[in-house]
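**Student:** Structure file structure.txt (compact mmCIF, C-alpha atoms) is given on the next line.
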# COMPACT_ATOMS: atom_id res chain seq x y z
CA MET N 23 114.08 103.88 62.57
CA GLY N 24 110.40 104.37 63.25
CA ASP N 25 109.16 106.31 66.24
CA ARG N 26 107.71 103.18 67.80
CA ALA N 27 110.95 101.27 67.38
CA SER N 28 112.84 104.27 68.81
CA PHE N 29 110.47 104.35 71.74
CA ARG N 30 110.90 100.63 72.37
CA THR N 31 114.69 100.97 72.28
CA LEU N 32 114.59 103.97 74.59
CA TYR N 33 112.37 101.99 76.96
CA ASP N 34 114.71 98.99 76.85
CA ARG N 35 117.69 101.17 77.61
CA THR N 36 116.27 103.32 80.38
CA SER N 37 113.22 101.71 82.01
CA ALA N 38 115.15 99.64 84.56
CA LYS N 39 117.01 102.68 85.87
CA LEU N 40 113.85 104.78 85.96
CA PHE N 41 111.87 101.97 87.60
CA GLY N 42 114.63 101.75 90.22
CA VAL N 43 114.21 105.48 90.89
CA CYS N 44 110.40 105.17 91.17
CA LEU N 45 110.76 102.21 93.52
CA ARG N 46 113.23 104.09 95.70
CA VAL N 47 110.86 107.05 96.02
CA LEU N 48 107.63 105.10 96.42
CA ASP N 49 108.79 101.84 98.02
CA ASP N 50 105.77 100.13 96.47
CA ARG N 51 105.90 98.06 93.28
CA THR N 52 102.40 98.73 92.02
CA GLN N 53 102.69 102.46 92.53
CA ALA N 54 106.17 102.49 91.02
CA GLU N 55 104.79 100.73 87.93
CA GLU N 56 102.09 103.37 87.62
CA ALA N 57 104.62 106.17 88.00
CA LEU N 58 106.82 104.55 85.36
CA GLN N 59 103.88 104.43 82.95
CA ASP N 60 103.25 108.14 83.55
CA VAL N 61 106.89 108.85 82.81
CA PHE N 62 107.02 107.08 79.45
CA ILE N 63 103.71 108.51 78.34
CA LYS N 64 105.13 111.96 79.12
CA VAL N 65 108.28 111.09 77.20
CA TRP N 66 106.29 110.14 74.13
CA ASN N 67 104.04 113.19 74.31
CA ASN N 68 106.69 115.70 75.29
CA ALA N 69 109.85 114.55 73.57
CA GLY N 70 109.70 117.96 71.89
CA GLN N 71 110.10 119.66 75.23
CA TYR N 72 113.39 117.97 75.83
CA ARG N 73 115.78 120.75 74.99
CA VAL N 74 118.39 119.26 72.75
CA ASN N 75 120.94 121.85 73.78
CA GLY N 76 120.19 121.59 77.47
CA PHE N 77 121.47 119.06 79.90
CA SER N 78 121.89 115.35 79.46
CA PRO N 79 118.84 113.36 78.35
CA MET N 80 119.29 110.99 81.29
CA THR N 81 119.02 113.94 83.66
CA TRP N 82 115.77 114.86 81.93
CA LEU N 83 114.42 111.32 82.19
CA ILE N 84 115.50 110.88 85.81
CA THR N 85 113.95 114.25 86.68
CA LEU N 86 110.66 113.18 85.05
CA ALA N 87 110.73 109.85 86.93
CA ARG N 88 111.62 111.42 90.26
CA ASN N 89 108.92 114.08 89.91
CA ALA N 90 106.24 111.57 88.85
CA ALA N 91 107.09 109.32 91.79
CA VAL N 92 107.26 112.23 94.24
CA ASP N 93 103.82 113.46 93.11
CA ARG N 94 102.35 110.06 93.84
CA ARG N 95 104.16 109.71 97.12
CA ARG N 96 103.00 113.12 98.36
CA LYS N 97 99.38 112.31 97.55
CA ARG N 98 99.68 108.95 99.29
CA ASP N 99 101.55 110.15 102.36
CA ALA N 100 99.72 113.41 103.02
CA GLY N 101 99.33 113.63 106.79
CA ARG N 102 101.56 110.65 107.51
CA ARG N 103 104.25 111.16 110.12
CA PRO N 104 107.77 111.13 108.66
CA GLU N 105 110.76 109.29 110.14
CA PRO N 106 112.56 111.58 112.57
CA ILE N 107 115.82 113.29 111.61
CA ASP N 108 117.99 113.71 114.67
CA ALA N 109 121.30 115.48 114.15
CA ALA N 110 122.92 113.11 116.63
CA ASP N 111 121.97 110.09 114.51
CA PHE N 112 124.00 111.22 111.59
CA VAL N 113 127.70 110.94 111.26
CA ALA N 114 129.30 112.47 108.20
CA ASP N 115 129.48 110.05 105.29
CA PRO N 116 132.90 108.55 104.94
CA SER N 117 134.66 109.70 101.82
CA PRO N 118 134.15 107.29 98.94
CA GLY N 119 137.08 105.09 97.97
CA PRO N 120 139.08 105.86 94.83
CA ALA N 121 137.29 103.20 92.78
CA ALA N 122 133.87 104.63 93.60
CA LEU N 123 135.12 108.08 92.72
CA LEU N 124 136.37 106.86 89.37
CA GLU N 125 133.04 105.34 88.51
CA ALA N 126 130.97 108.26 89.65
CA ARG N 127 130.11 111.00 87.23
CA ALA N 128 132.00 114.22 87.87
CA GLU N 129 128.76 115.86 89.06
CA ALA N 130 128.09 113.02 91.47
CA ALA N 131 131.56 113.29 92.97
CA ALA N 132 131.22 117.07 93.31
CA LEU N 133 127.77 116.88 94.90
CA GLY N 134 128.90 114.13 97.25
CA ALA N 135 131.93 116.14 98.35
CA CYS N 136 129.88 119.32 98.83
CA LEU N 137 127.12 117.52 100.77
CA ARG N 138 129.83 116.23 103.11
CA GLU N 139 130.76 119.85 103.88
CA LEU N 140 127.24 120.47 105.23
CA PRO N 141 126.17 119.52 108.75
CA PRO N 142 125.05 115.88 108.36
CA ASP N 143 121.42 116.54 109.30
CA ARG N 144 121.17 119.26 106.66
CA ALA N 145 122.65 116.98 104.01
CA GLU N 146 120.06 114.38 105.04
CA MET N 147 117.29 116.95 104.55
CA VAL N 148 118.49 117.64 101.01
CA ARG N 149 118.59 113.91 100.26
CA ARG N 150 115.13 113.35 101.73
CA ALA N 151 113.70 116.24 99.79
CA TYR N 152 115.04 114.89 96.51
CA LEU N 153 114.74 111.14 96.99
CA GLU N 154 111.58 111.02 99.10
CA GLY N 155 109.91 114.26 98.13
CA ALA N 156 109.91 115.44 101.73
CA THR N 157 108.18 118.82 102.14
CA TYR N 158 109.17 121.58 104.56
CA ALA N 159 106.26 120.56 106.78
CA GLU N 160 107.60 117.00 106.91
CA LEU N 161 111.16 118.14 107.47
CA SER N 162 109.89 120.32 110.28
CA THR N 163 108.09 117.37 111.90
CA ALA N 164 111.07 115.09 111.31
CA THR N 165 113.49 117.47 113.00
CA GLY N 166 111.18 118.99 115.59
CA VAL N 167 112.26 122.43 114.36
CA LYS N 168 109.81 125.18 113.37
CA LEU N 169 108.98 125.22 109.67
CA ASN N 170 110.32 128.71 109.00
CA THR N 171 113.54 127.87 110.78
CA VAL N 172 113.94 124.65 108.79
CA ARG N 173 113.42 126.62 105.63
CA THR N 174 115.96 129.26 106.56
CA TRP N 175 118.49 126.56 107.48
CA LEU N 176 117.92 124.63 104.31
CA ARG N 177 118.14 127.69 102.07
CA ARG N 178 121.43 128.63 103.70
CA SER N 179 122.66 125.08 103.16
CA LEU N 180 121.56 125.17 99.52
CA MET N 181 123.48 128.41 99.00
CA GLN N 182 126.49 126.82 100.67
CA LEU N 183 126.10 123.86 98.31
CA ARG N 184 125.86 126.16 95.32
CA GLU N 185 128.96 128.03 96.38
CA CYS N 186 130.84 124.75 96.87
CA LEU N 187 129.66 123.36 93.51
CA SER N 188 130.78 126.45 91.64
CA ARG N 189 134.33 126.16 92.93
CA MET Y 25 104.41 136.35 95.55
CA THR Y 26 102.80 135.86 98.88
CA GLY Y 27 103.52 139.38 99.98
CA ARG Y 28 106.69 138.40 101.73
CA ASP Y 29 109.75 140.07 100.34
CA GLU Y 30 111.95 137.48 98.68
CA THR Y 31 114.98 139.02 100.41
CA ASP Y 32 113.58 138.03 103.82
CA LEU Y 33 114.81 134.55 103.08
CA PRO Y 34 118.49 133.82 102.63
CA GLY Y 35 119.68 133.13 99.10
CA GLY Y 36 116.98 134.96 97.11
CA TRP Y 37 116.13 133.56 93.70
CA GLU Y 38 119.24 131.41 93.62
CA ALA Y 39 118.13 129.45 96.65
CA ALA Y 40 114.60 129.38 95.25
CA ALA Y 41 115.99 127.64 92.14
CA ALA Y 42 117.25 124.77 94.29
CA GLU Y 43 113.98 124.67 96.26
CA TYR Y 44 112.08 124.59 92.97
CA VAL Y 45 114.02 121.55 91.76
CA LEU Y 46 113.52 119.83 95.10
CA GLY Y 47 109.80 120.65 94.95
CA LEU Y 48 110.00 122.58 98.22
CA LEU Y 49 108.56 125.93 97.12
CA PRO Y 50 105.11 126.71 98.50
CA GLU Y 51 102.56 126.75 95.67
CA ALA Y 52 102.23 130.54 95.26
CA GLU Y 53 105.99 130.97 95.28
CA ALA Y 54 106.41 128.11 92.81
CA ARG Y 55 104.03 129.89 90.42
CA ALA Y 56 105.93 133.18 90.76
CA PHE Y 57 109.20 131.36 90.30
CA HIS Y 58 107.93 129.60 87.21
CA ALA Y 59 106.79 132.90 85.68
CA ARG Y 60 110.19 134.43 86.26
CA LEU Y 61 112.00 131.35 84.99
CA GLY Y 62 110.57 131.89 81.53
CA GLN Y 63 112.43 135.18 81.21
CA ASP Y 64 115.57 134.66 83.22
CA ARG Y 65 118.26 132.70 81.42
CA ASP Y 66 120.57 132.65 84.48
CA LEU Y 67 117.79 131.19 86.58
CA GLN Y 68 117.16 128.55 83.89
CA ARG Y 69 120.83 127.63 83.99
CA ASP Y 70 120.65 127.35 87.77
CA VAL Y 71 117.63 125.06 87.56
CA GLU Y 72 119.34 122.88 84.95
CA ALA Y 73 122.51 122.71 87.04
CA TRP Y 74 120.55 121.70 90.15
CA GLN Y 75 118.64 119.06 88.19
CA ASP Y 76 121.91 117.72 86.90
CA TYR Y 77 123.53 117.62 90.34
CA PHE Y 78 120.55 116.32 92.29
CA SER Y 79 119.84 113.64 89.70
CA THR Y 80 123.23 112.13 90.63
CA LEU Y 81 121.66 111.22 93.98
CA THR Y 82 120.02 108.44 91.98
CA ASP Y 83 123.38 107.10 90.73
CA GLU Y 84 123.49 104.62 93.60
CA ILE Y 85 120.00 103.32 92.88
CA ALA Y 86 120.25 99.93 91.23
CA PRO Y 87 118.26 99.41 88.04
CA VAL Y 88 115.28 97.07 88.46
CA ALA Y 89 113.66 95.61 85.35
CA PRO Y 90 109.97 96.50 85.37
CA PRO Y 91 107.56 93.62 84.71
CA PRO Y 92 106.70 93.17 81.00
CA GLN Y 93 103.07 94.23 81.41
CA VAL Y 94 104.21 97.80 82.09
CA LEU Y 95 105.49 98.23 78.53
CA ARG Y 96 102.35 96.55 77.17
CA ARG Y 97 100.14 98.94 79.11
CA ILE Y 98 102.15 101.96 77.99
CA GLU Y 99 102.03 100.92 74.35
CA ALA Y 100 98.32 100.21 74.57
CA ARG Y 101 97.75 103.69 75.96
CA LEU Y 102 99.97 105.35 73.37
CA TYR Y 103 99.06 103.50 70.20
CA GLY Y 104 95.52 102.61 71.09
CA ARG Y 105 94.62 106.20 70.41
CA ARG Y 106 94.26 107.40 66.88
CA ARG Y 107 96.36 110.54 67.08
CA ARG Y 108 100.09 110.21 67.23
CA GLY Y 109 101.79 112.14 69.99
CA PHE Y 110 102.91 115.48 68.73
CA GLY Y 111 106.62 115.83 69.16
CA SER Y 112 107.21 112.13 69.03
CA SER Y 113 109.20 112.68 65.85
CA LEU Y 114 111.85 114.04 68.17
CA LEU Y 115 112.27 110.69 69.84
CA PRO Y 116 115.17 109.72 67.61
CA TYR Y 117 117.04 112.75 68.95
CA LEU Y 118 116.44 111.71 72.48
CA LEU Y 119 117.36 108.15 71.77
CA GLY Y 120 120.48 109.23 69.92
CA ALA Y 121 121.49 111.39 72.83
CA VAL Y 122 120.84 108.64 75.35
CA THR Y 123 122.86 106.26 73.23
CA ALA Y 124 125.68 108.71 72.71
CA GLY Y 125 125.87 109.72 76.36
CA ALA Y 126 128.43 107.92 78.48
CA LEU Y 127 126.03 105.97 80.65
CA ALA Y 128 127.88 103.44 82.69
CA TRP Y 129 124.75 101.61 83.73
CA ALA Y 130 123.19 101.33 80.28
CA ALA Y 131 124.10 98.10 78.61
CA LEU Y 132 125.18 99.57 75.32
CA THR Y 133 126.35 96.30 73.88
CA THR Y 134 123.40 95.90 71.58
CA GLY Y 135 123.34 97.96 68.45
CA LEU Y 136 120.48 100.17 67.50
CA VAL Y 137 117.44 98.40 66.21
CA GLY Y 138 118.07 98.10 62.50
CA PRO Y 139 116.06 100.36 60.23
CA ALA Y 140 113.06 98.35 59.16
CA GLU Y 141 111.85 100.72 56.47
CA ASP Y 142 113.11 104.03 55.16
CA PRO Y 143 115.97 105.23 57.32
CA HIS Y 144 116.15 108.60 58.99
CA LEU Y 145 118.69 110.81 57.25
CA TYR Y 146 121.02 113.37 58.74
CA ALA Y 147 123.50 115.99 57.61
CA GLU Y 148 125.71 118.09 59.82
CA LEU Y 149 125.88 121.66 58.56
CA ARG Y 150 128.65 123.84 59.88
CA VAL Y 151 130.02 127.26 58.98
CA PRO Y 152 133.08 127.47 61.21
CA ASP Y 153 134.03 131.07 60.37
CA ARG Y 154 130.55 132.23 61.44
CA GLY Y 155 130.24 129.82 64.31
CA LEU Y 156 127.09 128.35 62.75
CA ASP Y 157 126.31 124.79 63.68
CA MET Y 158 123.19 123.00 62.49
CA LEU Y 159 121.94 119.47 62.07
CA ALA Y 160 119.49 118.54 59.33
CA HIS Y 161 117.28 115.52 59.97
CA TRP Y 162 114.74 113.86 57.69
CA SER Y 163 112.13 111.73 59.42
CA PRO Y 164 110.47 109.64 56.68
CA GLU Y 165 107.55 108.22 58.64
CA THR Y 166 106.38 111.63 59.80
CA GLY Y 167 107.39 113.34 56.55
CA THR Y 168 109.11 116.14 58.43
CA PHE Y 169 112.35 117.82 57.56
CA MET Y 170 114.02 119.25 60.65
CA VAL Y 171 116.93 121.57 61.22
CA ARG Y 172 118.32 121.75 64.71
CA TRP Y 173 120.09 124.97 65.61
CA ASP Y 174 123.19 124.13 67.62
CA GLY Y 175 125.08 127.39 67.64
CA GLY Y 176 125.79 130.73 66.05
CA ASP Y 177 123.77 133.89 65.49
CA TYR Y 178 120.92 134.12 63.05
CA PRO Y 179 121.84 136.99 60.67
CA ASP Y 180 119.97 140.27 61.24
CA ASP Y 181 117.54 141.27 58.49
CA ARG Y 182 118.28 138.12 56.49
CA ALA Y 183 116.63 134.72 56.32
CA LEU Y 184 118.29 131.32 56.18
CA GLN Y 185 116.64 129.07 53.63
CA ILE Y 186 116.82 125.29 53.45
CA TRP Y 187 117.16 123.57 50.06
CA VAL Y 188 117.45 120.00 48.90
CA ILE Y 189 119.30 119.14 45.73
CA PRO Y 190 118.05 115.69 44.64
CA GLU Y 191 120.57 113.07 43.65
CA GLY Y 192 121.77 113.69 40.09
CA ALA Y 193 119.87 116.99 39.83
CA GLU Y 194 121.28 120.49 39.51
CA THR Y 195 118.31 122.55 40.64
CA PRO Y 196 117.74 123.07 44.36
CA LEU Y 197 114.20 122.68 45.67
CA SER Y 198 113.11 124.92 48.51
CA VAL Y 199 112.20 123.19 51.79
CA GLY Y 200 111.50 126.35 53.76
CA LEU Y 201 113.07 128.88 56.10
CA ILE Y 202 114.92 128.16 59.31
CA ALA Y 203 112.79 129.68 62.07
CA ARG Y 204 114.57 132.50 63.83
CA GLY Y 205 115.12 131.93 67.52
CA GLU Y 206 113.87 128.34 67.48
CA GLY Y 207 116.04 125.46 68.60
CA LEU Y 208 114.34 123.23 66.09
CA THR Y 209 112.69 124.03 62.79
CA SER Y 210 110.31 121.34 61.66
CA ILE Y 211 108.78 121.44 58.19
CA TRP Y 212 106.35 118.94 56.78
CA LEU Y 213 107.13 118.06 53.16
CA PRO Y 214 104.52 117.20 50.54
CA GLU Y 215 104.88 113.71 49.07
CA ASP Y 216 106.45 114.74 45.76
CA LEU Y 217 109.20 116.66 47.53
CA ALA Y 218 109.60 113.99 50.22
CA ALA Y 219 110.24 111.40 47.51
CA GLN Y 220 113.31 113.35 46.38
CA VAL Y 221 114.96 113.58 49.80
CA PRO Y 222 116.77 110.19 49.93
CA GLY Y 223 120.20 110.63 48.34
CA ALA Y 224 119.82 114.42 48.19
CA THR Y 225 122.21 117.10 49.36
CA VAL Y 226 120.88 119.69 51.78
CA ALA Y 227 122.07 123.28 51.53
CA ILE Y 228 121.47 126.46 53.53
CA SER Y 229 121.55 129.83 51.77
CA GLU Y 230 121.26 133.37 53.02
CA GLU Y 231 118.28 135.16 51.51
CA PRO Y 232 116.26 138.33 51.93
CA GLU Y 233 113.70 138.32 54.77
CA GLY Y 234 110.82 136.08 53.78
CA GLY Y 235 113.00 133.86 51.61
CA SER Y 236 114.27 133.83 48.05
CA PRO Y 237 111.97 135.85 45.80
CA THR Y 238 112.88 133.75 42.73
CA GLY Y 239 112.39 130.21 44.01
CA LEU Y 240 116.09 129.58 43.57
CA PRO Y 241 118.95 130.52 45.92
CA THR Y 242 119.91 134.17 45.40
CA GLY Y 243 122.35 134.62 48.27
CA PRO Y 244 125.52 132.78 49.25
CA VAL Y 245 125.26 129.09 50.13
CA LEU Y 246 126.56 128.94 53.68
CA ALA Y 247 126.68 125.21 54.20
CA SER Y 248 125.77 122.00 52.46
CA GLY Y 249 126.00 118.30 53.14
CA LEU Y 250 124.86 114.94 51.80
CA LEU Y 251 121.97 113.42 53.74
CA ASP Y 252 123.17 110.20 55.25
CA ALA Y 253 121.58 107.43 57.34
CA ARG Y 254 124.61 107.33 59.61
CA ILE Y 255 123.62 108.79 62.97
CA PRO Y 256 125.99 111.73 63.48
CA ALA Y 257 128.04 112.03 66.64
CA SER Y 258 126.47 115.39 67.38
CA LEU Y 259 123.01 113.89 67.67
Once more with this new file: its structure as structure tokens, please.
**Tutor:**
Amino acid sequence: MGDRASFRTLYDRTSAKLFGVCLRVLDDRTQAEEALQDVFIKVWNNAGQYRVNGFSPMTWLITLARNAAVDRRRKRDAGRRPEPIDAADFVADPSPGPAALLEARAEAAALGACLRELPPDRAEMVRRAYLEGATYAELSTATGVKLNTVRTWLRRSLMQLRECLSR
Amino acid sequence: MTGRDETDLPGGWEAAAAEYVLGLLPEAEARAFHARLGQDRDLQRDVEAWQDYFSTLTDEIAPVAPPPQVLRRIEARLYGRRRRGFGSSLLPYLLGAVTAGALAWAALTTGLVGPAEDPHLYAELRVPDRGLDMLAHWSPETGTFMVRWDGGDYPDDRALQIWVIPEGAETPLSVGLIARGEGLTSIWLPEDLAAQVPGATVAISEEPEGGSPTGLPTGPVLASGLLDARIPASL
């Protein structure tokens, strides 16, 4: 199979998922389309950087898409006021039903379970950082907590997550 | 670093690995982290693990088909230029891996696009008693012969040499040496040699440093296999 045909097949197989990710991060179709273009151009140019022995190729592609979208979002939203995070607004996620657990990848189930062990507002910070590219400055504004304190909290939570995930 | 001792913050480098993946590290710290990452295998594993875990946060995101002009624009940008993207010959690996991976959301009902011209050829090369695991891959349109290193230790003070034995022939032709410490060796073949690859057997022999001095294998043949268009499971 030629490289172009391979590329087309890869695009057909993965673009909808990656576009979904870009849309989730950017919440804007035009910008998500631009981010998606960046992603596939990177894929073509850097397929050699994908470490064959490393983690799953979908993880690599999703990471590229998330990072491309987050870059755009941060440029766009610089200085914009983030939605507040109030600990009282968050109740712990209910545990997923057995069917959802079956469908989820093992890593997804583990991360979900470990995030539920964190205080709900901390888990929300982790989600916002990954899915919306929230920075410490934004998390600080969103929680009304000093930046250094937010960072200390979050790092402790990340270590707690790591400990939970390595069980 | 910014002058602040890393230990002032809880979690040290391990927490920094998660912050790095989330994009939370301040710029100077991100640069320091990146520099260290290049030399610290444990840190690399941490980063990969975090990427793997955090990427599952996107599992719930529904796929949305992008409008067709996106692919047109991408292809125009890629193929409109004269130079082909370096490393694009690795795309079949990536595609193979995406296809092989258990991806619930990917509609894997369609087969691979059929080979229009010369097919890519593969041979799995394994030496179980030495733990060696390699995959040979011939990419006809780029004219590159690749050997992916999947496991085992490269012998000290010896070289591993790649040979092809054309269909019906007895004499091996040298392709080149497997690069020590590289995950992927990629060797461009001249046209006359490339023409003999389809139907050939690939073999790996152990040779003195720098390769066989005679032009023929002098050391033991460690592994061999027929090059085949079937995409191997290990891809």
**Student:** I'd like a table as CSV: residues in chain N with an atom no more than 6 Å from chain Y, each row giving the shortest atom pair and its distance in Å to one decimal, all atoms listed in the file counted, sorted by chain and rising residue number.
**Tutor:**
residue,atom,partner,partner_atom,distance
N:Met23,CA,Y:Pro139,CA,4.7
N:Leu32,CA,Y:Leu119,CA,5.8
N:Ala38,CA,Y:Ala89,CA,4.4
N:Lys39,CA,Y:Pro87,CA,4.1
N:Gly42,CA,Y:Pro87,CA,4.8
N:Gln59,CA,Y:Ile98,CA,5.8
N:Trp66,CA,Y:Ser112,CA,5.6
N:Asn67,CA,Y:Gly109,CA,5.0
N:Ala69,CA,Y:Gly111,CA,5.6
N:Gly70,CA,Y:Gly111,CA,4.6
N:Pro79,CA,Y:Val122,CA,5.9
N:Thr81,CA,Y:Asp76,CA,5.8
N:Glu129,CA,Y:Tyr77,CA,5.7
N:Ala130,CA,Y:Thr80,CA,5.0
N:Ala151,CA,Y:Leu46,CA,5.9
N:Tyr152,CA,Y:Leu46,CA,5.4
N:Thr157,CA,Y:Leu48,CA,5.7
N:Arg177,CA,Y:Ala39,CA,5.7
N:Met181,CA,Y:Ala39,CA,5.9
**Student:** Choose the residue, out of N:Asp34, N:Ser28, N:Asp108, N:Pro141, that has the smallest atom-to-atom separation from Pro92 of chain Y; count all atoms listed in the file.
**Tutor:** N:Asp34
**Student:** Within 10 Å of (130.1, 119.0, 96.9) in the file's own coordinates, which protein, DNA or RNA residues have an atom, counting only C-alpha atoms? List them as a VMD selection string.
**Tutor:** (chain N and resid 129 to 140 182 to 189) or (chain Y and resid 77)
**Student:** Using only C-alpha atoms, which protein or nucleic acid residues come within 7 Å of Gly176 of chain Y? Drop anything in the same chain fewer than 3 positions from it, and give the result as number ranges by chain.
**Tutor:** Y: 154-157
**Student:** How far is it from atom CA of Arg46 of chain N to atom CA of Leu180 of chain N, in Å with one decimal?
**Tutor:**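 Atom-to-atom, atom CA of Arg46 of chain N to atom CA of Leu180 of chain N, that is 23.0 Å.
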**Student:** Mind checking which residues fall within 12 Å of Asp216 of chain Y, counting all atoms listed in the file, ignoring those fewer than 5 positions away in the same chain, and posting them as a ChimeraX atom specification?
**Tutor:** /Y:167,190,197,199,221
**Student:** Between atom CA of Leu169 of chain N and atom CA of Asp143 of chain N, measure the distance and give it in Å to one decimal.
**Tutor:** 15.2 Å
**Student:** Excluding segment 84-100 of chain N and its own-chain neighbours fewer than 4 positions away, which residues fall within 6 Å of it when counting only C-alpha atoms? Please give them as an MDAnalysis selection string.
**Tutor:** chainID N and resid 44 48 57 61 80 155
**Student:** What separation in Å, quoted to one decimal, exists between atom CA of Met170 of chain Y and atom CA of Trp212 of chain Y?
**Tutor:**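 Spanning atom CA of Met170 of chain Y to atom CA of Trp212 of chain Y is a straight-line distance of 8.6 Å.
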**Student:** Using only C-alpha atoms, determine which residues lie at most 12 Å from Gly166 of chain N, disregarding the query and same-chain residues fewer than 2 positions distant; provide the list as JSON, numbers by chain.
**Tutor:** {"N": [103, 104, 105, 106, 107, 108, 109, 158, 159, 160, 161, 162, 163, 164, 168, 169, 170, 171, 172]}
